[in-house]
Amino acid sequence: MHRTLEVKMKSLPLAVLGVTLVIALVQASNSNSFDLIIGCSQYNSVVQYHGAIKYFPTESMQNVRNTGYSKIFKIAILGPSDGHIRFGQSVFPTDSDGIEIVLGGWGNTKSAGRRQRRTGSRYSNVQLAEAQTPNLMSPYRPVMFELEVFNNGRVEVRRYGQSLPFLTFNDNNRTPVNYMAFAKWEKDLIFFYDCPSN
């Protein structure tokens, strides 16, 4: 009898650990995908690709991570496809080069990085990279991205929580991220930007 009680007492911590692990797994599987955007700024007034796009000064953003050799921006998009992130040196990069990143473009099949120059109503795009990214975006939940712009001109985009980027390219102009803007193609989108880093 004494031996049976001793065995049961020794297995009690393992049972508690097992129950704790099951509870943690259930909580993780039931987490709300909208929790990712807590603390982010929300931008609903996303205009069409050729519209009058509003640029935000990145120096006023509170949650940009500066590593000393790069800047990291957390941005989430809620929508079916074709999220466009633009950045450049000036508030209206007319007659100067800027960078445009297309996420879930071409019907949510691929993403691209390109150099863009706008002059009045005319523009030109120079493709710098392209990656197959089927079903990257979602109209049902926000998808969080990390955009990392290095001082040496390298640009990387990855899904939040993943270490490897799905889109990488080099910007030989080393375009600074002084101002950032968001655009859509045909479908309505909501952008969440200046998201906390943790």
# chains A, B, ... in the order shown; residues from 1 in each chain; ligands from 1
$ residues_around --residues "Ala129 in chain A" --least-positions-apart "3" --cutoff "8 Å" --atoms "only C-alpha atoms" --output "ChimeraX atom specification"
/A:112-114,167-169
$ residues_around --residues "Phe191 in chain A" --least-positions-apart "6" --cutoff "7 Å" --atoms "only C-alpha atoms" --output "PyMOL selection string"
chain A and resi 42-44+76-78
$ write_last_selection --atoms "all heavy atoms" --output "short mmCIF file (atom, residue, chain, number, x, y, z; two decimals), in the first residue's frame"
data_model
loop_
_atom_site.label_atom_id
_atom_site.label_comp_id
_atom_site.auth_asym_id
_atom_site.auth_seq_id
_atom_site.Cartn_x
_atom_site.Cartn_y
_atom_site.Cartn_z
N GLN A 42 -4.52 52.15 -37.45
CA GLN A 42 -5.36 51.58 -38.51
C GLN A 42 -5.59 52.62 -39.60
O GLN A 42 -5.87 53.77 -39.32
CB GLN A 42 -6.70 51.14 -37.92
CG GLN A 42 -7.62 50.48 -38.92
CD GLN A 42 -8.85 49.88 -38.26
OE1 GLN A 42 -8.82 49.49 -37.10
NE2 GLN A 42 -9.95 49.82 -39.00
N TYR A 43 -5.48 52.16 -40.86
CA TYR A 43 -5.68 53.05 -42.01
C TYR A 43 -6.72 52.43 -42.93
O TYR A 43 -6.46 51.44 -43.60
CB TYR A 43 -4.35 53.27 -42.73
CG TYR A 43 -4.44 54.28 -43.85
CD1 TYR A 43 -4.82 55.58 -43.61
CD2 TYR A 43 -4.12 53.92 -45.16
CE1 TYR A 43 -4.90 56.51 -44.63
CE2 TYR A 43 -4.19 54.84 -46.19
CZ TYR A 43 -4.58 56.13 -45.92
OH TYR A 43 -4.65 57.06 -46.93
N ASN A 44 -7.93 53.02 -42.93
CA ASN A 44 -9.04 52.51 -43.73
C ASN A 44 -9.17 53.20 -45.08
O ASN A 44 -9.76 52.65 -45.98
CB ASN A 44 -10.37 52.71 -42.99
CG ASN A 44 -10.45 51.92 -41.71
OD1 ASN A 44 -9.77 50.91 -41.56
ND2 ASN A 44 -11.24 52.39 -40.78
N ALA A 76 0.33 45.07 -40.99
CA ALA A 76 -0.64 44.00 -41.26
C ALA A 76 -1.63 44.50 -42.31
O ALA A 76 -1.91 45.70 -42.40
CB ALA A 76 -1.38 43.60 -39.99
N ILE A 77 -2.13 43.57 -43.11
CA ILE A 77 -3.12 43.90 -44.13
C ILE A 77 -4.29 42.94 -44.00
O ILE A 77 -4.11 41.73 -43.88
CB ILE A 77 -2.53 43.79 -45.55
CG1 ILE A 77 -1.25 44.62 -45.68
CG2 ILE A 77 -3.55 44.26 -46.59
CD1 ILE A 77 -0.51 44.43 -46.99
N LEU A 78 -5.48 43.50 -44.05
CA LEU A 78 -6.71 42.71 -44.08
C LEU A 78 -7.35 42.95 -45.44
O LEU A 78 -7.73 44.07 -45.77
CB LEU A 78 -7.67 43.15 -42.97
CG LEU A 78 -9.06 42.51 -42.96
CD1 LEU A 78 -8.96 41.01 -42.73
CD2 LEU A 78 -9.94 43.15 -41.91
#
$ closest_residue --among "A:Gln89, A:Asn125, A:Ser33, A:Asn135" --to "Ser111 in chain A" --atoms "only C-alpha atoms"
A:Asn135
$ atom_distance --atom1 "CA of Asp35 in chain A" --atom2 "CA of Pro134 in chain A"
23.8 Å
$ closest_residue --among "A:Ser96, A:Asp194, A:Thr133, A:Asn151" --to "Pro165 in chain A" --atoms "only C-alpha atoms"
A:Thr133
$ closest_residue --among "A:Asn170, A:Thr58, A:Ser197, A:Asn63" --to "Leu36 in chain A" --atoms "only C-alpha atoms"
A:Ser197
$ select_by_dssp --residues "range 47-121 of chain A" --states "helix (DSSP H, G or I)" --output "mmCIF file with N, CA and C atoms, in the first residue's frame"
data_model
loop_
_atom_site.group_PDB
_atom_site.id
_atom_site.type_symbol
_atom_site.label_atom_id
_atom_site.label_comp_id
_atom_site.auth_asym_id
_atom_site.auth_seq_id
_atom_site.Cartn_x
_atom_site.Cartn_y
_atom_site.Cartn_z
ATOM 1 N N THR A 58 7.733 58.577 -41.290
ATOM 2 C CA THR A 58 8.084 57.447 -40.421
ATOM 3 C C THR A 58 8.714 57.916 -39.113
ATOM 4 N N GLU A 59 9.233 59.135 -39.091
ATOM 5 C CA GLU A 59 9.829 59.630 -37.847
ATOM 6 C C GLU A 59 8.775 59.832 -36.756
ATOM 7 N N SER A 60 7.496 59.953 -37.156
ATOM 8 C CA SER A 60 6.434 60.105 -36.157
ATOM 9 C C SER A 60 5.901 58.757 -35.676
ATOM 10 N N GLY A 105 -0.159 40.176 -54.902
ATOM 11 C CA GLY A 105 -0.609 40.732 -56.180
ATOM 12 C C GLY A 105 -0.998 39.644 -57.171
ATOM 13 N N TRP A 106 -1.496 40.082 -58.311
ATOM 14 C CA TRP A 106 -1.865 39.174 -59.392
ATOM 15 C C TRP A 106 -2.834 38.098 -58.892
ATOM 16 N N GLY A 107 -3.886 38.588 -58.220
ATOM 17 C CA GLY A 107 -4.898 37.654 -57.718
ATOM 18 C C GLY A 107 -4.424 36.827 -56.543
ATOM 19 N N ASN A 108 -3.574 37.408 -55.704
ATOM 20 C CA ASN A 108 -3.043 36.741 -54.508
ATOM 21 C C ASN A 108 -2.185 35.530 -54.853
#
$ closest_residue --among "A:Pro57, A:Pro142, A:Gly68, A:Gly51" --to "Gly88 in chain A" --atoms "only C-alpha atoms"
A:Pro57
$ closest_atom_pairs --of "range 58-135 of chain A" --to "range 173-188 of chain A" --cutoff "6 Å" --atoms "only C-alpha atoms" --output "Markdown table"
| residue | atom | partner | partner_atom | distance |
| --- | --- | --- | --- | --- |
| A:Thr58 | CA | A:Tyr179 | CA | 5.4 |
| A:Asp82 | CA | A:Trp185 | CA | 5.8 |
| A:Gly83 | CA | A:Lys184 | CA | 5.4 |
| A:His84 | CA | A:Ala183 | CA | 4.9 |
| A:Ile85 | CA | A:Phe182 | CA | 4.8 |
| A:Arg86 | CA | A:Ala181 | CA | 5.1 |
| A:Phe87 | CA | A:Met180 | CA | 4.3 |
| A:Gly88 | CA | A:Val177 | CA | 5.4 |
| A:Gln89 | CA | A:Asn178 | CA | 5.0 |
| A:Val91 | CA | A:Tyr179 | CA | 5.7 |
$ atom_distance --atom1 "CA of Lys74 in chain A" --atom2 "CA of Met144 in chain A"
6.9 Å
$ closest_residue --among "A:Arg159, A:Arg122, A:Arg154, A:Lys54" --to "Met137 in chain A" --atoms "only C-alpha atoms"
A:Arg159
$ atom_distance --atom1 "CA of Met61 in chain A" --atom2 "CA of Tyr123 in chain A"
28.0 Å
